[in-house]
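Novice: Structure file data-v6.cif, mmCIF, C-alpha atoms, is pasted below:
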```cif
data_my_file
loop_
_atom_site.group_PDB
_atom_site.id
_atom_site.type_symbol
_atom_site.label_atom_id
_atom_site.label_comp_id
_atom_site.auth_asym_id
_atom_site.auth_seq_id
_atom_site.Cartn_x
_atom_site.Cartn_y
_atom_site.Cartn_z
ATOM 1 C CA MET A 1 122.360 -131.215 38.098
ATOM 2 C CA VAL A 2 122.483 -134.890 39.099
ATOM 3 C CA ILE A 3 124.314 -134.042 42.315
ATOM 4 C CA ALA A 4 121.715 -131.429 43.275
ATOM 5 C CA VAL A 5 118.831 -133.837 42.669
ATOM 6 C CA SER A 6 120.495 -136.634 44.628
ATOM 7 C CA LEU A 7 121.281 -134.219 47.457
ATOM 8 C CA THR A 8 117.633 -133.119 47.495
ATOM 9 C CA LEU A 9 116.425 -136.699 47.787
ATOM 10 C CA THR A 10 119.000 -137.528 50.458
ATOM 11 C CA VAL A 11 118.118 -134.539 52.620
ATOM 12 C CA LEU A 12 114.390 -135.235 52.344
ATOM 13 C CA ALA A 13 114.923 -138.895 53.209
ATOM 14 C CA MET A 14 117.016 -138.089 56.279
ATOM 15 C CA GLY A 15 114.599 -135.749 58.025
ATOM 16 C CA PRO A 16 111.556 -134.375 56.242
ATOM 17 C CA ARG A 17 110.071 -133.099 59.521
ATOM 18 C CA HIS A 18 112.836 -130.575 60.092
ATOM 19 C CA THR A 19 112.265 -127.147 58.588
ATOM 20 C CA LEU A 20 115.930 -126.558 57.774
ATOM 21 C CA ASN A 21 116.137 -129.831 55.846
ATOM 22 C CA CYS A 22 113.067 -128.914 53.802
ATOM 23 C CA LEU A 23 114.460 -125.465 53.023
ATOM 24 C CA PHE A 24 117.818 -126.902 51.998
ATOM 25 C CA ALA A 25 116.068 -129.487 49.813
ATOM 26 C CA LEU A 26 114.081 -126.697 48.162
ATOM 27 C CA PHE A 27 117.298 -124.747 47.536
ATOM 28 C CA THR A 28 119.057 -127.730 45.965
ATOM 29 C CA LEU A 29 115.981 -128.423 43.839
ATOM 30 C CA VAL A 30 116.072 -124.840 42.517
ATOM 31 C CA VAL A 31 119.783 -125.294 41.758
ATOM 32 C CA ALA A 32 118.952 -128.451 39.787
ATOM 33 C CA ILE A 33 116.227 -126.620 37.845
ATOM 34 C CA TRP A 34 118.635 -123.789 37.067
ATOM 35 C CA ALA A 35 121.289 -126.244 35.868
ATOM 36 C CA ALA A 36 118.792 -128.074 33.656
ATOM 37 C CA ALA A 37 117.490 -124.824 32.145
ATOM 38 C CA ALA A 38 121.020 -123.584 31.501
ATOM 39 C CA PHE A 39 121.913 -126.894 29.866
ATOM 40 C CA CYS A 40 118.806 -126.723 27.677
ATOM 41 C CA ALA A 41 119.675 -123.166 26.662
ATOM 42 C CA VAL A 42 123.187 -124.223 25.657
ATOM 43 C CA MET A 43 121.839 -127.171 23.672
ATOM 44 C CA LEU A 44 119.285 -124.952 21.911
ATOM 45 C CA LEU A 45 122.052 -122.544 20.967
ATOM 46 C CA TRP A 46 124.293 -125.343 19.769
ATOM 47 C CA LEU A 47 121.616 -127.101 17.721
ATOM 48 C CA GLU A 48 119.998 -123.834 16.548
ATOM 49 C CA VAL A 49 116.457 -125.141 17.130
ATOM 50 C CA GLY A 50 113.579 -124.433 19.484
ATOM 51 C CA ASP A 51 112.517 -121.422 21.490
ATOM 52 C CA LEU A 52 115.611 -120.024 23.184
ATOM 53 C CA ALA A 53 113.659 -117.296 24.989
ATOM 54 C CA LEU A 54 111.705 -119.853 27.039
ATOM 55 C CA ALA A 55 114.855 -121.647 28.191
ATOM 56 C CA LEU A 56 116.506 -118.358 29.107
ATOM 57 C CA GLU A 57 113.424 -117.202 31.015
ATOM 58 C CA LEU A 58 113.348 -120.445 33.019
ATOM 59 C CA ALA A 59 117.055 -120.172 33.791
ATOM 60 C CA THR A 60 116.634 -116.553 34.875
ATOM 61 C CA LEU A 61 113.651 -117.402 37.072
ATOM 62 C CA ALA A 62 115.508 -120.252 38.765
ATOM 63 C CA PHE A 63 118.587 -118.056 39.263
ATOM 64 C CA ALA A 64 116.434 -115.297 40.747
ATOM 65 C CA LEU A 65 114.945 -117.770 43.229
ATOM 66 C CA LEU A 66 118.421 -118.643 44.507
#
```
Let's see the structure in the file written out as structure tokens.

Specialist:
Amino acid sequence: MVIAVSLTLTVLAMGPRHTLNCLFALFTLVVAIWAAAAFCAVMLLWLEVGDLALALELATLAFALL
């Protein structure tokens, strides 16, 4: 997750005017969101608290956007 976010920031800093860079940054941002949602789902399962359905829906949405 940290690598995807840092890669997103690096790509946007290098050339935000190029379409391919913006698309790649968007892709890595979606990967970071998917990783965060998957991590939250695992933590909710492990701690047995919270709304697991919401975390799973976010992870599925981010995975579908890949």

Novice: Distance cut-off 12 Å, centre (117.0, -128.9, 34.7) in file coordinates, counting all atoms listed in the file: which residues qualify? Return them as a PDB file with C-alpha atoms, in the frame of the given file.

Specialist:
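Written out: out_14.pdb:
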```pdb
ATOM      1  CA  MET A   1     122.360-131.215  38.098  1.00  0.00           C
ATOM      2  CA  VAL A   2     122.483-134.890  39.099  1.00  0.00           C
ATOM      3  CA  ILE A   3     124.314-134.042  42.315  1.00  0.00           C
ATOM      4  CA  ALA A   4     121.715-131.429  43.275  1.00  0.00           C
ATOM      5  CA  VAL A   5     118.831-133.837  42.669  1.00  0.00           C
ATOM      6  CA  THR A  28     119.057-127.730  45.965  1.00  0.00           C
ATOM      7  CA  LEU A  29     115.981-128.423  43.839  1.00  0.00           C
ATOM      8  CA  VAL A  30     116.072-124.840  42.517  1.00  0.00           C
ATOM      9  CA  VAL A  31     119.783-125.294  41.758  1.00  0.00           C
ATOM     10  CA  ALA A  32     118.952-128.451  39.787  1.00  0.00           C
ATOM     11  CA  ILE A  33     116.227-126.620  37.845  1.00  0.00           C
ATOM     12  CA  TRP A  34     118.635-123.789  37.067  1.00  0.00           C
ATOM     13  CA  ALA A  35     121.289-126.244  35.868  1.00  0.00           C
ATOM     14  CA  ALA A  36     118.792-128.074  33.656  1.00  0.00           C
ATOM     15  CA  ALA A  37     117.490-124.824  32.145  1.00  0.00           C
ATOM     16  CA  ALA A  38     121.020-123.584  31.501  1.00  0.00           C
ATOM     17  CA  PHE A  39     121.913-126.894  29.866  1.00  0.00           C
ATOM     18  CA  CYS A  40     118.806-126.723  27.677  1.00  0.00           C
ATOM     19  CA  ALA A  41     119.675-123.166  26.662  1.00  0.00           C
ATOM     20  CA  VAL A  42     123.187-124.223  25.657  1.00  0.00           C
ATOM     21  CA  ALA A  55     114.855-121.647  28.191  1.00  0.00           C
ATOM     22  CA  LEU A  56     116.506-118.358  29.107  1.00  0.00           C
ATOM     23  CA  LEU A  58     113.348-120.445  33.019  1.00  0.00           C
ATOM     24  CA  ALA A  59     117.055-120.172  33.791  1.00  0.00           C
ATOM     25  CA  ALA A  62     115.508-120.252  38.765  1.00  0.00           C
ATOM     26  CA  PHE A  63     118.587-118.056  39.263  1.00  0.00           C
TER      27      PHE A  63
END
```

Novice: Hey, what's within 12 Å of Ala13 of chain A if we count all atoms listed in the file and toss same-chain stuff fewer than 6 positions away? As an MDAnalysis selection string, please?

Specialist: chainID A and resid 6:7 21:22 25

Novice: Selection from above, C-alpha atoms, as a PDB file, keeping the file's coordinate frame, can you write it?

Specialist:
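Result file result37.pdb:
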```pdb
ATOM      1  CA  SER A   6     120.495-136.634  44.628  1.00  0.00           C
ATOM      2  CA  LEU A   7     121.281-134.219  47.457  1.00  0.00           C
ATOM      3  CA  ASN A  21     116.137-129.831  55.846  1.00  0.00           C
ATOM      4  CA  CYS A  22     113.067-128.914  53.802  1.00  0.00           C
ATOM      5  CA  ALA A  25     116.068-129.487  49.813  1.00  0.00           C
TER       6      ALA A  25
END
```

Novice: From the options A:Ala64, A:Val11, A:Leu54, A:Val49, which residue's atoms come nearest to Leu23 of chain A, counting all atoms listed in the file?

Specialist: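 For Leu23 of chain A, the nearest of the candidates is A:Val11.
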
Novice: How many Å lie between atom CA of Leu12 of chain A and atom CA of Phe24 of chain A, rounded to one decimal?

Specialist: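 Atom CA of Phe24 of chain A lies 9.0 Å from atom CA of Leu12 of chain A.
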
Novice: In Å, how far is it from atom CA of Leu9 of chain A to atom CA of Leu26 of chain A?

Specialist: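 It comes out at 10.3 Å.
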
Novice: Could you work out how far atom CA of Phe27 of chain A lies from atom CA of Trp46 of chain A, giving the answer in Å with one decimal?

Specialist: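 Going from atom CA of Trp46 of chain A over to atom CA of Phe27 of chain A covers 28.6 Å.
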
Novice: Give me the box for segment 20-25 of chain A as AutoDock Vina command-line options, namely the centre and edge lengths in Å to one decimal of a box along x, y and z that holds every listed atom plus 8 Å on each side.

Specialist:
```
--center_x 115.4 --center_y -127.6 --center_z 53.8 --size_x 20.8 --size_y 20.4 --size_z 24.0
```
